[in-house]
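Below is one structure; the comments refer to it alone.
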Amino acid sequence: MSADLLLILPVLIPLAAATLCTIVWGSTRLQAAVTIAAAAALLVVSALLVVRVADGTILVTRFGDWAAPFAIAFAADRLGAAMVLVTGLLGLAVAVYALADVRRIAALSGFYPLYNGLLAGVAGAFLTADLFNLYVWFEVMLIASFGLLVLNKTREQLDGGLKYLALNMLGTLFFLAAIALLYNAAGTLNLADLAMTLQGTSGTAAATAAAWLLLLAFLMKAAAFPLFAWLPASYHTGSIAVAAIFAGLLTKVGVYAIIRIYTLVLPLEGTALQTVLLVVAALTMVTGVFGAAVQWDVRRILSFHIVSQIGYMLLGLALFTPYAIAAAVFYVVHHIIVKANLFLVAGVIGRVGGTYDIRRSGGLMMLSPLLAVLFLIPALSLGGIPPLSGFWAKLMVIDAGLEDEAWIVTAAALAVGLLTLFSMGKIWAYAFWRSPADGRSRPVGWKRMVPIAALAAVTLAIGFSAEPLVAFSLQAGQQLIDPADYIAALTPPIEDTVAENVR
Amino acid sequence: MEASLALGFGALIAAGTYMLLARHILRMVLGLSLIAVAVNMLLFLAGGVGPEEPALIAAGAEVAAPGTANPLPQALVLTAVVIGFALLSFALVLAYRVQLALGFVDTDAMREAEPAGEDGR
């Protein structure tokens, strides 16, 4: 079946690229070429994947062709395929940016193999349909990210890296403990099988404990309130390419896992978890944006905004209507592109102005008008200015909140939108609008500008013709809230199983 | 048997948490690894304690005999142990590098990546 290959390739391509990069270790140029080629291939494959699942098909591959619940399975529905597509897009953009940004010494310490490993881990996490397998992909991603974060071995990086490592390891251990409890409760770890087994027994102590532990673990990964301390402590220490790919993808894998598990395996509706998630979402939005307000380092402002925006996605899921989940899906896709782009722009701000501290930079609008435009597109999109992609994302979340009559959280979401705009205005006023600090300007080549422009173009495209992505998100939301198809695709009727066993 | 294993699990978690809260980097890393051991144990216990026969199906038989142990938790624990070991090695090397670069091991004093001045936290 061709479906098989299409599901496995998004993981296989980056893994193969990582291996190839270690083979050509001495030549950073070859490594870069391999990485860019692999990212482009990933983008093509994931686009094909999205085309295949767009009509509602759920592609499933069971490794070793074992019968239904026993094999480790990969599956792609609309959400999973869309996430892989954005991963491919970001992987390519950041790989091109890395050509200029990653120092030779970092490239020789293994930037490219780790980068490809990270992409493989992320794609694997989006496609797997087995809980333990999800843990393994989380670990692949985590180990690669540890390496990437401390690549330059500066004091700052080692400090931030240790905090990142300690808290993420703890989160992973919670995840593993929850897996143990779920296995005890259900005797299976296949997501669909789990969903079916737990349907009647969701009240058992082990399953309940697992549900809380899993939420704790994923909220840690997603950097939600009050578990986000590791993110602003570490993200700004890496090189810009690393910070951008982290900002775009890593927390969103946590969000993806929350959406997947709490729509499919442990439905959120009507549980105490739903209330908790609603409160967490609101507090995440608010604390994140306030954290950003007092920062002066562009990268730290953006780091706190990651936290803040995670709140919107969680809010979409916590409301738990088909429309609200669709809003969450749209928000995740929009945010990955915009946030990574902002980090890439921050890199250019640092390069042109000579500093990331906006108090000491200035006059960037005069030095580089093009940069000013390319900053405004993702910045205004993040703030939710129409007609950019962020406007539609926020509109959907807030609309869903109003529909559900969740007045307080919706008000919080509106207020946070304004404060986000304030933060972006602060960067604009200090770094761009003021008179130049010293007029010193370093040249910025195409390697940095092309990815930024490309991602800005995607943001504009989503903004000006939001219709297809909105429709896709709505269908994805429908598919997520009623996972019968997903379950049926993963656990085919018993006759097939028996037939395969006999054969 | 179950009770003593549960007590052992609790003791490991308690000791791990205690060490994790310490300010010394190395104690922190060791605390994490203790918790990792405890979680691996939990994974193993989740499969149930009891049957002791190896998970083999006798020649000619169609299904495993009653009393056969469940092999899956063993496979899961094996994977988790290997991953945990890799993470522990990395954490130890990182802790060592942090001590070399910063010259101290007190996590409270680690402020390199924070902005200096009034908004220090």
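Identifiers for the structure tokens are assigned positionally: chains receive A, B, ... in sequence, residues are indexed from 1 per chain, and ligands are indexed from 1 in the order shown.
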Would you mind listing, for every residue of chain A within 6 Å of chain B, the two atoms forming the shortest contact and the distance between them in Å to one decimal, using only C-alpha atoms, sorted by chain and ascending residue number, as JSON lines?
```
{"residue": "A:Arg155", "atom": "CA", "partner": "B:Ala101", "partner_atom": "CA", "distance": 5.9}
{"residue": "A:Glu156", "atom": "CA", "partner": "B:Ala113", "partner_atom": "CA", "distance": 4.8}
{"residue": "A:Leu158", "atom": "CA", "partner": "B:Val98", "partner_atom": "CA", "distance": 5.6}
{"residue": "A:Gly160", "atom": "CA", "partner": "B:Ala113", "partner_atom": "CA", "distance": 5.9}
{"residue": "A:Ala177", "atom": "CA", "partner": "B:Val39", "partner_atom": "CA", "distance": 5.5}
{"residue": "A:Ala180", "atom": "CA", "partner": "B:Leu43", "partner_atom": "CA", "distance": 4.4}
{"residue": "A:Asn184", "atom": "CA", "partner": "B:Ala46", "partner_atom": "CA", "distance": 4.6}
```
task = Please report, as a VMD selection string, each residue of chain B to which DSSP assigns helix (DSSP H, G or I) when run on this structure's backbone.
result = chain B and resid 2 to 20 25 to 46 72 to 102 107 to 109
ask   = Hey, what's within 7 Å of segment 241-254 of chain A if we count only C-alpha atoms and toss same-chain stuff fewer than 6 positions away? As a list in words, please?
value =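 Near segment 241-254 of chain A, the qualifying residues are Val94, Tyr97, Ala98, Asp101, Val122, Leu148, Leu149, Phe218, Leu219, Lys221, Ala222, Ala223, Tyr235, Ile306, Val332, Ile336, Ile337, Lys339, Ala340, Phe343 and Leu344 of chain A.
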Would you pick out the contacts of Ala16 of chain A at 10 Å or less, using only C-alpha atoms, so that residues sharing its chain but fewer than 6 positions from it are not included, and give the list as a PDB file with N, CA, C and O atoms, in the first residue's frame?
```
ATOM      1  N   LEU A   9       7.369   7.907   5.772  1.00  0.00           N
ATOM      2  CA  LEU A   9       8.395   8.800   5.224  1.00  0.00           C
ATOM      3  C   LEU A   9       8.665  10.065   6.044  1.00  0.00           C
ATOM      4  O   LEU A   9       9.823  10.448   6.191  1.00  0.00           O
ATOM      5  N   VAL A  34      22.362  18.337   2.672  1.00  0.00           N
ATOM      6  CA  VAL A  34      21.532  17.163   2.971  1.00  0.00           C
ATOM      7  C   VAL A  34      20.307  17.582   3.771  1.00  0.00           C
ATOM      8  O   VAL A  34      19.174  17.161   3.492  1.00  0.00           O
ATOM      9  N   THR A  35      20.520  18.444   4.773  1.00  0.00           N
ATOM     10  CA  THR A  35      19.415  18.856   5.639  1.00  0.00           C
ATOM     11  C   THR A  35      18.348  19.607   4.859  1.00  0.00           C
ATOM     12  O   THR A  35      17.148  19.355   5.028  1.00  0.00           O
ATOM     13  N   ALA A  38      16.483  17.238   2.639  1.00  0.00           N
ATOM     14  CA  ALA A  38      15.574  16.390   3.410  1.00  0.00           C
ATOM     15  C   ALA A  38      14.350  17.167   3.859  1.00  0.00           C
ATOM     16  O   ALA A  38      13.217  16.668   3.791  1.00  0.00           O
ATOM     17  N   PRO A 113      22.889  16.890  12.390  1.00  0.00           N
ATOM     18  CA  PRO A 113      22.278  15.622  12.800  1.00  0.00           C
ATOM     19  C   PRO A 113      21.216  15.818  13.885  1.00  0.00           C
ATOM     20  O   PRO A 113      20.131  15.225  13.821  1.00  0.00           O
ATOM     21  N   ASN A 116      17.983  17.305  12.378  1.00  0.00           N
ATOM     22  CA  ASN A 116      17.174  16.296  11.688  1.00  0.00           C
ATOM     23  C   ASN A 116      16.535  15.342  12.679  1.00  0.00           C
ATOM     24  O   ASN A 116      15.401  14.898  12.497  1.00  0.00           O
ATOM     25  N   GLY A 117      17.280  15.000  13.739  1.00  0.00           N
ATOM     26  CA  GLY A 117      16.716  14.134  14.767  1.00  0.00           C
ATOM     27  C   GLY A 117      15.502  14.771  15.415  1.00  0.00           C
ATOM     28  O   GLY A 117      14.489  14.104  15.678  1.00  0.00           O
ATOM     29  N   ALA A 120      12.562  14.460  13.106  1.00  0.00           N
ATOM     30  CA  ALA A 120      12.057  13.085  13.102  1.00  0.00           C
ATOM     31  C   ALA A 120      11.211  12.846  14.348  1.00  0.00           C
ATOM     32  O   ALA A 120      10.122  12.257  14.272  1.00  0.00           O
TER      33      ALA A 120
END
```
Applying 12 Å and only C-alpha atoms, which residues near Tyr331 of chain A remain after dropping the ones on its own chain fewer than 2 positions away? List them as a tab-separated table (two decimals) with all heavy atoms, in the first residue's frame.
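Output below, filename out27.tsv:
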```
chain	number	residue	atom	x	y	z
A	79	LEU	N	-5.80	16.49	11.66
A	79	LEU	CA	-4.93	17.22	12.58
A	79	LEU	C	-3.48	16.77	12.44
A	79	LEU	O	-2.57	17.59	12.27
A	79	LEU	CB	-5.42	17.03	14.02
A	79	LEU	CG	-4.49	17.60	15.10
A	79	LEU	CD1	-4.42	19.10	15.01
A	79	LEU	CD2	-4.96	17.18	16.48
A	83	MET	N	-0.27	19.00	11.10
A	83	MET	CA	0.87	19.29	11.95
A	83	MET	C	2.18	18.89	11.27
A	83	MET	O	3.18	19.59	11.36
A	83	MET	CB	0.74	18.54	13.29
A	83	MET	CG	-0.44	18.95	14.13
A	83	MET	SD	-0.45	20.67	14.58
A	83	MET	CE	0.68	20.67	15.94
A	252	LYS	N	4.25	23.01	20.94
A	252	LYS	CA	3.05	22.62	20.21
A	252	LYS	C	2.87	21.10	20.16
A	252	LYS	O	1.75	20.61	19.99
A	252	LYS	CB	3.08	23.19	18.79
A	252	LYS	CG	2.18	24.37	18.62
A	252	LYS	CD	2.52	25.53	19.55
A	252	LYS	CE	3.72	26.28	19.06
A	252	LYS	NZ	4.18	27.31	20.02
A	255	VAL	N	0.86	20.57	23.14
A	255	VAL	CA	-0.53	20.94	22.88
A	255	VAL	C	-1.20	19.86	22.05
A	255	VAL	O	-2.33	19.44	22.32
A	255	VAL	CB	-0.61	22.30	22.17
A	255	VAL	CG1	-2.04	22.62	21.78
A	255	VAL	CG2	-0.06	23.39	23.05
A	256	TYR	N	-0.48	19.41	21.00
A	256	TYR	CA	-1.04	18.35	20.14
A	256	TYR	C	-1.40	17.13	20.98
A	256	TYR	O	-2.48	16.55	20.83
A	256	TYR	CB	-0.03	17.97	19.05
A	256	TYR	CG	-0.38	16.67	18.36
A	256	TYR	CD1	-1.30	16.65	17.32
A	256	TYR	CD2	0.18	15.46	18.77
A	256	TYR	CE1	-1.65	15.47	16.70
A	256	TYR	CE2	-0.17	14.28	18.16
A	256	TYR	CZ	-1.08	14.28	17.13
A	256	TYR	OH	-1.43	13.11	16.54
A	309	GLN	N	0.38	32.52	24.27
A	309	GLN	CA	-0.43	32.01	23.16
A	309	GLN	C	-0.87	30.56	23.34
A	309	GLN	O	-1.89	30.15	22.82
A	309	GLN	CB	0.35	32.14	21.85
A	309	GLN	CG	0.88	33.53	21.59
A	309	GLN	CD	-0.20	34.46	21.09
A	309	GLN	OE1	-0.93	34.13	20.18
A	309	GLN	NE2	-0.32	35.61	21.70
A	310	ILE	N	-0.05	29.80	24.11
A	310	ILE	CA	-0.45	28.43	24.41
A	310	ILE	C	-1.83	28.45	25.09
A	310	ILE	O	-2.66	27.57	24.87
A	310	ILE	CB	0.59	27.76	25.35
A	310	ILE	CG1	1.92	27.58	24.64
A	310	ILE	CG2	0.08	26.41	25.86
A	310	ILE	CD1	1.94	26.59	23.55
A	311	GLY	N	-2.06	29.49	25.90
A	311	GLY	CA	-3.34	29.60	26.60
A	311	GLY	C	-4.53	29.59	25.64
A	311	GLY	O	-5.55	28.95	25.92
A	312	TYR	N	-4.41	30.29	24.50
A	312	TYR	CA	-5.51	30.32	23.54
A	312	TYR	C	-5.83	28.92	23.01
A	312	TYR	O	-6.98	28.54	22.86
A	312	TYR	CB	-5.16	31.22	22.35
A	312	TYR	CG	-5.23	32.69	22.64
A	312	TYR	CD1	-4.12	33.40	23.05
A	312	TYR	CD2	-6.43	33.38	22.49
A	312	TYR	CE1	-4.18	34.76	23.31
A	312	TYR	CE2	-6.50	34.73	22.74
A	312	TYR	CZ	-5.38	35.42	23.15
A	312	TYR	OH	-5.45	36.75	23.41
A	313	MET	N	-4.75	28.16	22.72
A	313	MET	CA	-4.97	26.82	22.17
A	313	MET	C	-5.65	25.93	23.21
A	313	MET	O	-6.58	25.19	22.90
A	313	MET	CB	-3.64	26.20	21.75
A	313	MET	CG	-2.88	27.05	20.76
A	313	MET	SD	-1.16	26.53	20.66
A	313	MET	CE	-0.40	28.02	20.08
A	314	LEU	N	-5.17	26.02	24.46
A	314	LEU	CA	-5.78	25.22	25.52
A	314	LEU	C	-7.23	25.64	25.75
A	314	LEU	O	-8.09	24.80	26.00
A	314	LEU	CB	-4.98	25.37	26.82
A	314	LEU	CG	-3.55	24.83	26.78
A	314	LEU	CD1	-2.88	25.03	28.13
A	314	LEU	CD2	-3.54	23.36	26.41
A	315	LEU	N	-7.47	26.95	25.62
A	315	LEU	CA	-8.84	27.44	25.78
A	315	LEU	C	-9.76	26.80	24.75
A	315	LEU	O	-10.85	26.34	25.08
A	315	LEU	CB	-8.85	28.97	25.64
A	315	LEU	CG	-10.21	29.65	25.74
A	315	LEU	CD1	-10.85	29.35	27.07
A	315	LEU	CD2	-10.08	31.15	25.56
A	316	GLY	N	-9.28	26.73	23.51
A	316	GLY	CA	-10.08	26.10	22.47
A	316	GLY	C	-10.46	24.69	22.83
A	316	GLY	O	-11.61	24.28	22.71
A	317	LEU	N	-9.50	23.93	23.34
A	317	LEU	CA	-9.79	22.54	23.69
A	317	LEU	C	-10.69	22.47	24.91
A	317	LEU	O	-11.63	21.66	24.97
A	317	LEU	CB	-8.49	21.78	23.96
A	317	LEU	CG	-8.73	20.32	24.34
A	317	LEU	CD1	-9.25	19.54	23.16
A	317	LEU	CD2	-7.49	19.68	24.89
A	324	ALA	N	-14.87	25.06	18.83
A	324	ALA	CA	-13.76	25.50	19.66
A	324	ALA	C	-12.51	24.67	19.37
A	324	ALA	O	-11.39	25.19	19.33
A	324	ALA	CB	-14.14	25.40	21.13
A	325	ILE	N	-12.68	23.38	19.15
A	325	ILE	CA	-11.53	22.53	18.84
A	325	ILE	C	-10.96	22.92	17.47
A	325	ILE	O	-9.75	22.97	17.29
A	325	ILE	CB	-11.92	21.05	18.90
A	325	ILE	CG1	-12.29	20.68	20.34
A	325	ILE	CG2	-10.79	20.17	18.41
A	325	ILE	CD1	-12.75	19.28	20.52
A	326	ALA	N	-11.86	23.23	16.54
A	326	ALA	CA	-11.40	23.70	15.24
A	326	ALA	C	-10.58	24.98	15.40
A	326	ALA	O	-9.53	25.16	14.77
A	326	ALA	CB	-12.60	23.96	14.32
A	327	ALA	N	-11.04	25.86	16.32
A	327	ALA	CA	-10.30	27.10	16.58
A	327	ALA	C	-8.91	26.78	17.12
A	327	ALA	O	-7.92	27.40	16.72
A	327	ALA	CB	-11.07	27.95	17.59
A	328	ALA	N	-8.84	25.79	18.01
A	328	ALA	CA	-7.54	25.40	18.57
A	328	ALA	C	-6.62	24.90	17.46
A	328	ALA	O	-5.44	25.25	17.42
A	328	ALA	CB	-7.72	24.34	19.64
A	329	VAL	N	-7.17	24.08	16.55
A	329	VAL	CA	-6.36	23.55	15.45
A	329	VAL	C	-5.83	24.69	14.59
A	329	VAL	O	-4.63	24.76	14.28
A	329	VAL	CB	-7.19	22.57	14.59
A	329	VAL	CG1	-6.41	22.16	13.35
A	329	VAL	CG2	-7.58	21.35	15.40
A	333	VAL	N	-1.73	25.89	14.05
A	333	VAL	CA	-1.08	25.99	12.74
A	333	VAL	C	-0.57	27.42	12.51
A	333	VAL	O	0.59	27.64	12.15
A	333	VAL	CB	-2.07	25.58	11.62
A	333	VAL	CG1	-1.48	25.88	10.25
A	333	VAL	CG2	-2.40	24.10	11.74
A	334	HIS	N	-1.44	28.39	12.77
A	334	HIS	CA	-1.06	29.80	12.59
A	334	HIS	C	0.11	30.16	13.49
A	334	HIS	O	1.07	30.80	13.07
A	334	HIS	CB	-2.28	30.69	12.88
A	334	HIS	CG	-1.98	31.90	13.71
A	334	HIS	ND1	-1.40	33.03	13.20
A	334	HIS	CD2	-2.14	32.14	15.04
A	334	HIS	CE1	-1.24	33.93	14.17
A	334	HIS	NE2	-1.67	33.41	15.29
A	335	HIS	N	0.03	29.71	14.74
A	335	HIS	CA	1.03	30.14	15.73
A	335	HIS	C	2.41	29.58	15.41
A	335	HIS	O	3.41	30.27	15.58
A	335	HIS	CB	0.60	29.70	17.13
A	335	HIS	CG	1.57	30.12	18.18
A	335	HIS	ND1	1.59	31.39	18.69
A	335	HIS	CD2	2.57	29.46	18.79
A	335	HIS	CE1	2.56	31.48	19.58
A	335	HIS	NE2	3.18	30.32	19.65
A	336	ILE	N	2.48	28.33	14.97
A	336	ILE	CA	3.78	27.72	14.66
A	336	ILE	C	4.51	28.58	13.63
A	336	ILE	O	5.70	28.90	13.79
A	336	ILE	CB	3.59	26.29	14.13
A	336	ILE	CG1	3.12	25.37	15.26
A	336	ILE	CG2	4.88	25.76	13.51
A	336	ILE	CD1	2.85	23.95	14.85
A	337	ILE	N	3.79	29.01	12.60
A	337	ILE	CA	4.42	29.78	11.53
A	337	ILE	C	4.82	31.17	12.02
A	337	ILE	O	5.95	31.61	11.84
A	337	ILE	CB	3.46	29.89	10.32
A	337	ILE	CG1	3.20	28.49	9.75
A	337	ILE	CG2	4.02	30.81	9.27
A	337	ILE	CD1	2.04	28.42	8.81
A	338	VAL	N	3.89	31.83	12.70
A	338	VAL	CA	4.13	33.22	13.10
A	338	VAL	C	5.22	33.31	14.17
A	338	VAL	O	6.11	34.16	14.10
A	338	VAL	CB	2.81	33.83	13.61
A	338	VAL	CG1	3.09	35.11	14.38
A	338	VAL	CG2	1.89	34.12	12.44
A	339	LYS	N	5.17	32.43	15.15
A	339	LYS	CA	6.11	32.55	16.26
A	339	LYS	C	7.53	32.24	15.82
A	339	LYS	O	8.47	32.95	16.17
A	339	LYS	CB	5.66	31.63	17.40
A	339	LYS	CG	6.58	31.64	18.60
A	339	LYS	CD	6.82	33.05	19.10
A	339	LYS	CE	5.68	33.55	19.94
A	339	LYS	NZ	5.92	34.87	20.50
A	381	SER	N	0.18	39.97	13.21
A	381	SER	CA	-0.59	38.73	13.16
A	381	SER	C	-0.70	38.13	14.56
A	381	SER	O	-1.76	37.66	14.97
A	381	SER	CB	0.08	37.75	12.20
A	381	SER	OG	-0.66	36.57	12.14
A	382	LEU	N	0.40	38.16	15.31
A	382	LEU	CA	0.39	37.64	16.68
A	382	LEU	C	-0.59	38.44	17.53
A	382	LEU	O	-1.30	37.89	18.38
A	382	LEU	CB	1.79	37.71	17.28
A	382	LEU	CG	1.98	36.93	18.59
A	382	LEU	CD1	2.10	35.45	18.29
A	382	LEU	CD2	3.21	37.40	19.33
A	384	GLY	N	-3.22	39.87	16.46
A	384	GLY	CA	-4.59	39.62	16.03
A	384	GLY	C	-5.19	40.75	15.23
A	384	GLY	O	-6.38	41.04	15.32
A	389	SER	N	-3.33	36.23	9.72
A	389	SER	CA	-3.79	34.92	10.16
A	389	SER	C	-4.20	34.92	11.62
A	389	SER	O	-5.15	34.25	12.02
A	389	SER	CB	-2.70	33.88	9.92
A	389	SER	OG	-1.54	34.20	10.65
A	390	GLY	N	-3.49	35.70	12.46
A	390	GLY	CA	-3.80	35.71	13.88
A	390	GLY	C	-5.18	36.25	14.19
A	390	GLY	O	-5.80	35.86	15.18
A	391	PHE	N	-5.68	37.13	13.31
A	391	PHE	CA	-7.02	37.67	13.53
A	391	PHE	C	-8.06	36.56	13.45
A	391	PHE	O	-8.92	36.44	14.31
A	391	PHE	CB	-7.31	38.75	12.47
A	391	PHE	CG	-8.76	39.15	12.40
A	391	PHE	CD1	-9.33	39.87	13.43
A	391	PHE	CD2	-9.54	38.78	11.32
A	391	PHE	CE1	-10.67	40.22	13.38
A	391	PHE	CE2	-10.88	39.14	11.26
A	391	PHE	CZ	-11.44	39.86	12.30
A	392	TRP	N	-7.96	35.74	12.41
A	392	TRP	CA	-8.93	34.66	12.24
A	392	TRP	C	-8.82	33.67	13.39
A	392	TRP	O	-9.83	33.19	13.91
A	392	TRP	CB	-8.72	33.94	10.90
A	392	TRP	CG	-8.81	34.89	9.74
A	392	TRP	CD1	-7.79	35.34	8.97
A	392	TRP	CD2	-10.00	35.52	9.26
A	392	TRP	NE1	-8.25	36.22	8.03
A	392	TRP	CE2	-9.61	36.35	8.17
A	392	TRP	CE3	-11.34	35.48	9.62
A	392	TRP	CZ2	-10.51	37.11	7.45
A	392	TRP	CZ3	-12.24	36.24	8.90
A	392	TRP	CH2	-11.83	37.05	7.83
A	393	ALA	N	-7.56	33.37	13.80
A	393	ALA	CA	-7.36	32.42	14.89
A	393	ALA	C	-8.03	32.93	16.17
A	393	ALA	O	-8.79	32.22	16.83
A	393	ALA	CB	-5.87	32.20	15.12
A	394	LYS	N	-7.75	34.21	16.49
A	394	LYS	CA	-8.33	34.77	17.72
A	394	LYS	C	-9.84	34.87	17.60
A	394	LYS	O	-10.57	34.59	18.55
A	394	LYS	CB	-7.72	36.15	17.99
A	394	LYS	CG	-6.35	36.08	18.60
A	394	LYS	CD	-6.06	37.31	19.44
A	394	LYS	CE	-4.79	37.15	20.23
A	394	LYS	NZ	-3.60	36.91	19.41
A	395	LEU	N	-10.28	35.29	16.42
A	395	LEU	CA	-11.72	35.43	16.21
A	395	LEU	C	-12.44	34.12	16.48
A	395	LEU	O	-13.46	34.06	17.17
A	395	LEU	CB	-11.98	35.88	14.77
A	395	LEU	CG	-13.46	36.13	14.43
A	395	LEU	CD1	-13.94	37.40	15.11
A	395	LEU	CD2	-13.67	36.25	12.93
A	396	MET	N	-11.86	33.02	15.96
A	396	MET	CA	-12.51	31.72	16.15
A	396	MET	C	-12.55	31.35	17.62
A	396	MET	O	-13.57	30.87	18.13
A	396	MET	CB	-11.78	30.65	15.34
A	396	MET	CG	-12.12	30.67	13.85
A	396	MET	SD	-11.11	29.50	12.91
A	396	MET	CE	-12.02	27.98	13.19
A	397	VAL	N	-11.42	31.53	18.32
A	397	VAL	CA	-11.38	31.14	19.74
A	397	VAL	C	-12.39	31.97	20.52
A	397	VAL	O	-13.19	31.44	21.33
A	397	VAL	CB	-9.97	31.34	20.31
A	397	VAL	CG1	-9.97	31.15	21.82
A	397	VAL	CG2	-9.00	30.37	19.68
A	398	ILE	N	-12.40	33.29	20.28
A	398	ILE	CA	-13.28	34.17	21.05
A	398	ILE	C	-14.74	33.90	20.71
A	398	ILE	O	-15.60	33.85	21.58
A	398	ILE	CB	-12.88	35.64	20.81
A	398	ILE	CG1	-11.56	35.91	21.55
A	398	ILE	CG2	-13.95	36.59	21.28
A	398	ILE	CD1	-10.86	37.16	21.15
A	462	ILE	N	-2.60	32.91	4.46
A	462	ILE	CA	-3.64	32.40	5.36
A	462	ILE	C	-4.61	33.52	5.71
A	462	ILE	O	-5.83	33.34	5.75
A	462	ILE	CB	-3.02	31.83	6.65
A	462	ILE	CG1	-2.16	30.61	6.34
A	462	ILE	CG2	-4.11	31.45	7.65
A	462	ILE	CD1	-1.45	30.04	7.55
A	469	LEU	N	-8.35	27.06	5.05
A	469	LEU	CA	-7.82	26.56	6.31
A	469	LEU	C	-8.90	26.51	7.39
A	469	LEU	O	-8.94	25.60	8.22
A	469	LEU	CB	-6.63	27.41	6.77
A	469	LEU	CG	-5.90	26.87	7.99
A	469	LEU	CD1	-5.42	25.44	7.77
A	469	LEU	CD2	-4.72	27.75	8.37
A	470	VAL	N	-9.81	27.51	7.37
A	470	VAL	CA	-10.91	27.48	8.33
A	470	VAL	C	-11.76	26.24	8.09
A	470	VAL	O	-12.10	25.50	9.03
A	470	VAL	CB	-11.78	28.76	8.22
A	470	VAL	CG1	-13.04	28.62	9.04
A	470	VAL	CG2	-10.99	29.97	8.66
A	473	SER	N	-9.94	23.24	9.29
A	473	SER	CA	-9.94	23.17	10.75
A	473	SER	C	-11.29	22.71	11.27
A	473	SER	O	-11.37	21.91	12.21
A	473	SER	CB	-9.62	24.54	11.36
A	473	SER	OG	-8.46	25.06	10.83
A	474	LEU	N	-12.36	23.23	10.66
A	474	LEU	CA	-13.70	22.83	11.11
A	474	LEU	C	-13.89	21.33	10.94
A	474	LEU	O	-14.41	20.65	11.82
A	474	LEU	CB	-14.78	23.59	10.33
A	474	LEU	CG	-14.92	25.07	10.71
A	474	LEU	CD1	-15.90	25.77	9.77
A	474	LEU	CD2	-15.37	25.23	12.15
```
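If only C-alpha atoms are the atoms counted, then among A:Phe304, A:Trp137, A:Tyr115, A:Phe472 the closest residue to Phe290 of chain A is A:Phe304.
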ask   = Quick one: of A:Leu90, A:Leu43, A:Asp159, A:Asn341, who's nearest to Tyr96 of chain B, counting only C-alpha atoms?
value = A:Asp159
At a cut-off of 8 Å, using only C-alpha atoms, what residues contact segment 49-59 of chain B? Leave out same-chain residues fewer than 5 positions from it and give the result as a PDB file with C-alpha atoms, in the first residue's frame.
```
ATOM      1  CA  GLU B   2       2.671  -6.185  46.385  1.00  0.00           C
ATOM      2  CA  ALA B  64       0.081 -19.829  26.344  1.00  0.00           C
ATOM      3  CA  ALA B  65      -0.500 -21.938  29.455  1.00  0.00           C
ATOM      4  CA  GLY B  67       0.239 -18.594  34.798  1.00  0.00           C
ATOM      5  CA  THR B  68       2.413 -17.234  31.989  1.00  0.00           C
ATOM      6  CA  ALA B  69       3.998 -13.881  32.779  1.00  0.00           C
ATOM      7  CA  ASN B  70       3.085 -10.866  30.631  1.00  0.00           C
ATOM      8  CA  PRO B  71       6.153 -10.045  28.527  1.00  0.00           C
TER       9      PRO B  71
END
```
inquiry  = Please extract the residues of segment 18-166 of chain A with a backbone DSSP assignment of strand (DSSP E) and present them as a list in words.
reply    = Leu59, Val60, Thr61, Arg62, Ala73, Phe74, Ala75 and Ala76 of chain A
Grab the residues selected above and save them as a tab-separated table (two decimals), in the first residue's frame with N, CA, C and O atoms.
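Result went into result_20.tsv, see below:
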```tsv
chain	number	residue	atom	x	y	z
A	59	LEU	N	-5.48	7.42	7.44
A	59	LEU	CA	-4.47	6.47	6.98
A	59	LEU	C	-3.88	5.75	8.19
A	59	LEU	O	-3.58	6.38	9.20
A	60	VAL	N	-3.71	4.44	8.06
A	60	VAL	CA	-3.17	3.66	9.18
A	60	VAL	C	-2.12	2.70	8.66
A	60	VAL	O	-2.28	2.10	7.59
A	61	THR	N	-1.02	2.61	9.37
A	61	THR	CA	-0.02	1.58	9.07
A	61	THR	C	0.29	0.84	10.35
A	61	THR	O	0.54	1.45	11.38
A	62	ARG	N	0.24	-0.49	10.28
A	62	ARG	CA	0.64	-1.27	11.45
A	62	ARG	C	1.96	-1.95	11.16
A	62	ARG	O	2.08	-2.69	10.19
A	73	ALA	N	1.19	1.23	15.79
A	73	ALA	CA	0.55	1.78	14.61
A	73	ALA	C	0.91	3.25	14.42
A	73	ALA	O	1.15	3.96	15.38
A	74	PHE	N	0.99	3.65	13.16
A	74	PHE	CA	1.03	5.06	12.79
A	74	PHE	C	-0.30	5.39	12.16
A	74	PHE	O	-0.84	4.57	11.42
A	75	ALA	N	-0.83	6.56	12.45
A	75	ALA	CA	-2.08	6.95	11.83
A	75	ALA	C	-2.06	8.45	11.57
A	75	ALA	O	-1.41	9.19	12.30
A	76	ALA	N	-2.75	8.86	10.52
A	76	ALA	CA	-2.84	10.29	10.23
A	76	ALA	C	-4.29	10.66	9.97
A	76	ALA	O	-4.92	10.10	9.09
```
Close residues, Ala412 of chain A itself excluded, 8 Å, only C-alpha atoms, min 2 positions apart in chain, as a count of residues only = 9
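Checking A:Gly110, A:Pro483, A:Gly124, A:Gly383 one by one against Ile8 of chain A, counting only C-alpha atoms, you find the shortest gap at A:Gly124.
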ask   = When distances are computed from only C-alpha atoms, which of B:Leu78, B:Leu92, B:Leu7, B:Val63 shows the smallest separation from Leu30 of chain B?
value =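 Residue with the minimum atom-to-atom distance to Leu30 of chain B: B:Leu92.
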